[in-house]
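> You'll find data_27.tsv just under this line, and it carries TSV, C-alpha atoms and all ligand atoms.
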```
chain	number	residue	atom	x	y	z
A	295	MET	CA	33.34	-26.88	22.12
A	296	LYS	CA	36.02	-26.65	24.79
A	297	CYS	CA	36.39	-29.69	27.03
A	298	PRO	CA	35.33	-28.71	30.58
A	299	PHE	CA	37.98	-31.06	32.02
A	300	CYS	CA	41.13	-30.23	30.09
A	301	GLY	CA	40.18	-27.26	27.93
A	302	PHE	CA	40.97	-28.97	24.64
A	303	GLU	CA	38.96	-27.58	21.75
A	304	GLU	CA	38.32	-30.70	19.70
A	305	SER	CA	35.62	-33.15	20.62
A	306	LYS	CA	33.53	-35.63	18.75
A	307	VAL	CA	29.80	-36.14	19.01
A	308	ILE	CA	29.00	-39.64	20.16
A	309	ASP	CA	25.27	-39.28	20.60
A	310	SER	CA	22.71	-36.71	19.50
A	311	ARG	CA	19.08	-36.72	20.39
A	312	PRO	CA	16.22	-34.25	20.83
A	313	THR	CA	14.90	-33.51	24.29
A	314	ASP	CA	11.34	-34.52	25.16
A	315	GLU	CA	9.79	-31.31	23.88
A	316	TYR	CA	11.88	-31.37	20.71
A	317	THR	CA	13.00	-27.84	21.45
A	318	ARG	CA	16.58	-28.72	22.19
A	319	ILE	CA	19.12	-31.18	20.89
A	320	ARG	CA	21.24	-32.90	23.48
A	321	ARG	CA	24.68	-33.99	22.35
A	322	ARG	CA	27.09	-36.24	24.17
A	323	ARG	CA	30.64	-35.36	23.27
A	324	GLU	CA	33.96	-36.98	23.89
A	325	CYS	CA	37.11	-34.92	24.28
A	326	MET	CA	39.68	-35.91	21.66
A	327	ARG	CA	42.52	-35.38	24.08
A	328	CYS	CA	41.50	-36.63	27.54
A	329	GLY	CA	38.62	-38.83	26.37
A	330	LYS	CA	36.20	-37.54	29.01
A	331	ARG	CA	32.59	-37.09	28.09
A	332	PHE	CA	30.36	-34.07	28.46
A	333	THR	CA	26.99	-32.86	27.26
A	334	THR	CA	26.06	-29.85	25.16
A	335	TYR	CA	22.67	-28.52	24.15
A	336	GLU	CA	21.68	-26.92	20.92
A	337	ILE	CA	18.73	-24.53	20.94
A	338	ILE	CA	17.05	-22.42	18.29
A	339	GLU	CA	17.99	-18.81	18.40
A	340	SER	CA	14.80	-16.86	18.28
A	341	THR	CA	14.82	-13.15	17.77
A	342	PRO	CA	11.61	-11.42	18.69
A	343	ILE	CA	9.42	-10.25	15.86
A	344	ILE	CA	8.60	-6.58	16.18
A	345	VAL	CA	5.26	-5.42	14.93
A	346	ILE	CA	4.73	-1.87	13.72
A	347	LYS	CA	1.21	-0.76	14.41
A	348	LYS	CA	-0.87	1.74	12.44
A	349	ASP	CA	0.08	4.57	14.78
A	350	ASN	CA	3.75	3.64	14.24
A	351	SER	CA	4.18	2.32	17.76
A	352	ARG	CA	6.02	-0.97	18.07
A	353	GLN	CA	5.37	-4.04	20.10
A	354	ALA	CA	6.49	-7.65	20.20
A	355	PHE	CA	4.55	-10.04	18.02
A	356	ASP	CA	1.82	-11.70	20.06
A	357	ARG	CA	0.69	-14.99	18.57
A	358	ASN	CA	-2.25	-15.27	20.93
A	359	LYS	CA	-3.62	-12.01	19.69
A	360	LEU	CA	-3.43	-13.25	16.13
A	361	LEU	CA	-4.97	-16.59	17.08
A	362	ASN	CA	-7.83	-14.85	18.88
A	363	GLY	CA	-8.50	-12.60	15.93
A	364	MET	CA	-8.56	-15.52	13.52
A	365	MET	CA	-10.70	-17.66	15.83
A	366	LYS	CA	-13.16	-14.83	16.16
A	367	ALA	CA	-13.58	-14.82	12.41
A	368	CYS	CA	-14.23	-18.57	12.59
A	369	GLU	CA	-17.01	-18.21	15.16
A	370	LYS	CA	-19.83	-20.68	14.64
A	371	ARG	CA	-18.02	-22.16	11.67
A	372	GLN	CA	-16.89	-25.73	11.75
A	373	VAL	CA	-13.23	-24.95	11.89
A	374	PRO	CA	-11.14	-26.97	14.31
A	375	LEU	CA	-8.94	-24.93	16.60
A	376	GLU	CA	-5.93	-27.01	15.56
A	377	ARG	CA	-6.24	-25.82	11.99
A	378	VAL	CA	-6.14	-22.19	12.99
A	379	GLU	CA	-3.31	-22.88	15.42
A	380	LYS	CA	-1.38	-24.53	12.63
A	381	ALA	CA	-1.99	-21.51	10.42
A	382	VAL	CA	-0.70	-19.22	13.17
A	383	ASP	CA	2.37	-21.45	13.52
A	384	ASP	CA	3.00	-21.11	9.80
A	385	ILE	CA	2.62	-17.35	9.90
A	386	GLU	CA	4.95	-17.08	12.87
A	387	LEU	CA	7.52	-19.25	11.12
A	388	GLN	CA	7.21	-17.20	7.97
A	389	LEU	CA	7.79	-14.01	9.93
A	390	GLN	CA	10.64	-15.61	11.83
A	391	ASN	CA	12.29	-16.71	8.59
A	392	SER	CA	11.92	-13.47	6.75
A	393	LEU	CA	14.91	-11.22	6.96
A	394	GLU	CA	12.83	-8.29	8.08
A	395	LYS	CA	13.10	-7.72	11.79
A	396	GLU	CA	10.03	-5.55	11.81
A	397	VAL	CA	6.69	-6.25	10.20
A	398	THR	CA	3.59	-4.13	9.95
A	399	THR	CA	0.21	-5.20	11.26
A	400	LEU	CA	-0.86	-4.90	7.64
A	401	GLN	CA	1.56	-7.60	6.51
A	402	ILE	CA	0.43	-9.90	9.29
A	403	GLY	CA	-3.18	-9.24	8.40
A	404	GLU	CA	-2.51	-10.15	4.79
A	405	LEU	CA	-0.87	-13.42	5.85
A	406	ALA	CA	-3.78	-14.19	8.15
A	407	MET	CA	-6.23	-13.52	5.34
A	408	GLU	CA	-4.33	-15.76	2.97
A	409	ALA	CA	-4.41	-18.53	5.57
A	410	LEU	CA	-8.12	-18.12	6.34
A	411	LYS	CA	-8.93	-18.13	2.65
A	412	LYS	CA	-7.70	-21.72	2.54
A	413	ILE	CA	-9.55	-22.69	5.71
A	414	ASP	CA	-13.01	-21.19	5.48
A	415	ASP	CA	-14.62	-18.71	3.08
A	416	VAL	CA	-16.93	-17.13	5.62
A	417	ALA	CA	-14.13	-16.74	8.15
A	418	TYR	CA	-12.02	-15.16	5.45
A	419	VAL	CA	-14.67	-12.64	4.46
A	420	ARG	CA	-15.34	-11.78	8.10
A	421	PHE	CA	-11.67	-11.27	8.81
A	422	ALA	CA	-11.13	-9.32	5.63
A	423	SER	CA	-14.10	-7.04	6.26
A	424	VAL	CA	-12.80	-6.13	9.71
A	425	TYR	CA	-9.27	-5.96	8.52
A	426	ARG	CA	-9.49	-4.14	5.26
A	427	GLN	CA	-12.32	-1.99	6.54
A	428	PHE	CA	-14.01	-2.06	3.19
A	429	LYS	CA	-14.72	1.51	2.33
A	430	ASP	CA	-17.90	0.78	0.52
A	431	LEU	CA	-20.19	-2.02	-0.41
A	432	ASN	CA	-18.71	-2.22	-3.89
A	433	SER	CA	-15.21	-3.18	-2.81
A	434	PHE	CA	-16.72	-5.74	-0.47
A	435	MET	CA	-18.82	-7.23	-3.26
A	436	GLN	CA	-15.80	-7.31	-5.53
A	437	GLU	CA	-13.90	-9.31	-2.97
A	438	LEU	CA	-16.84	-11.69	-2.57
A	439	ALA	CA	-17.20	-12.14	-6.30
A	440	GLN	CA	-13.51	-12.95	-6.53
A	441	ILE	CA	-13.84	-15.64	-3.87
A	442	LEU	CA	-16.82	-17.19	-5.60
A	443	GLU	CA	-14.93	-17.12	-8.88
A	444	GLU	CA	-11.87	-18.81	-7.38
A	445	ASN	CA	-13.98	-21.56	-5.84
A	446	LYS	CA	-15.65	-22.61	-9.06
B	501	ZN	ZN	39.47	-33.10	27.64
```
Could you rewrite the structure in this file as structure tokens?
Ligand SMILES: [Zn+2]

Amino acid sequence: MKCPFCGFEESKVIDSRPTDEYTRIRRRRECMRCGKRFTTYEIIESTPIIVIKKDNSRQAFDRNKLLNGMMKACEKRQVPLERVEKAVDDIELQLQNSLEKEVTTLQIGELAMEALKKIDDVAYVRFASVYRQFKDLNSFMQELAQILEENK
């Protein structure tokens, strides 16, 4: 990091601390030539996640949309909002960390289902039934039977 006073390229970090929101790291640096101090900030580089919809159109990932969908499945269940929010955080992070720059709504749906499965059975089945659009009663019953089996 070039010194703003003398242009020298070497500096040492003398203090490093997160900002209040923990979204940035503030570093105090000291120029190794002139000894003057200056501040730099480190932020996370976030590339937008692009979602490919069923009709092949693309749009930016919208976490509120996902949260709403998942909360809807949790209606009248005793699921705290924070738990679903946390699950959405995890999904977003997972998408952010994957090397794919584009994800399909299908992949997101699968992740959401996985998350709901751990939170609430009824919410999971509701979400899955909307999401997978069970073609017939049999495939729905199969899914239910599987859940019951796993919860034994
Ligand atoms: Zn300097």
> Extract, using all atoms listed in the file, all DNA, RNA and protein residues at most 9 Å from Gly403 in chain A, discarding same-chain residues fewer than 3 positions from it, and format them as number ranges by chain.
A: 360, 398-400, 406-408, 421-422, 425-426
> Find the axis-aligned box for range 364-382 of chain A, covering all its listed atoms and adding 8 Å on each side, and write its centre and edge lengths in Å to one decimal as AutoDock Vina command-line options.

```
--center_x -10.3 --center_y -20.9 --center_z 13.5 --size_x 35.1 --size_y 28.2 --size_z 22.2
```
> Let me make sure I understand: among A:Ala439, A:Ile319, A:Ile338, A:Met364, which one has the smallest atom-to-atom distance to Ala409 in chain A if we use all atoms listed in the file?
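Ranked by minimum distance to Ala409 in chain A, first place goes to A:Met364.
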> Let me have all residues with an atom within 12 Å of ligand ZN 501 (chain B), counting only C-alpha atoms and all ligand atoms, laid out as an MDAnalysis selection string.
chainID A and resid 295:306 323:332
> At what distance in Å, to one decimal, does CA of Arg318 in chain A lie from CA of Ile337 in chain A?
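Straight-line distance from CA of Ile337 in chain A to CA of Arg318 in chain A works out to 4.9 Å.
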> Between CA of Asp414 in chain A and CA of Ala367 in chain A, what is the distance, to one decimal in Å?
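So the two atoms, CA of Asp414 in chain A and CA of Ala367 in chain A, lie 9.4 Å apart.
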> Given all atoms listed in the file as the basis, pick out the residue of A:Ala417, A:Val424, A:Val397, A:Val307 nearest to Asn350 in chain A.
A:Val397
> May I ask which of the residues A:Glu369, A:Leu361, A:Lys395, A:Ala381 is the closest one to Leu410 in chain A, counting only C-alpha atoms?
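Closest to Leu410 in chain A, using only C-alpha atoms: A:Ala381.
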> Mind pulling up the distance from CA of Ser392 in chain A to CA of Lys366 in chain A?
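Separating CA of Lys366 in chain A from CA of Ser392 in chain A is a distance of 26.8 Å.
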> Give as a PyMOL selection string each residue that has an atom at most 9 Å from (12.6, -8.9, 11.6) in the file, counting all atoms listed in the file.
chain A and resi 341-345+389-397
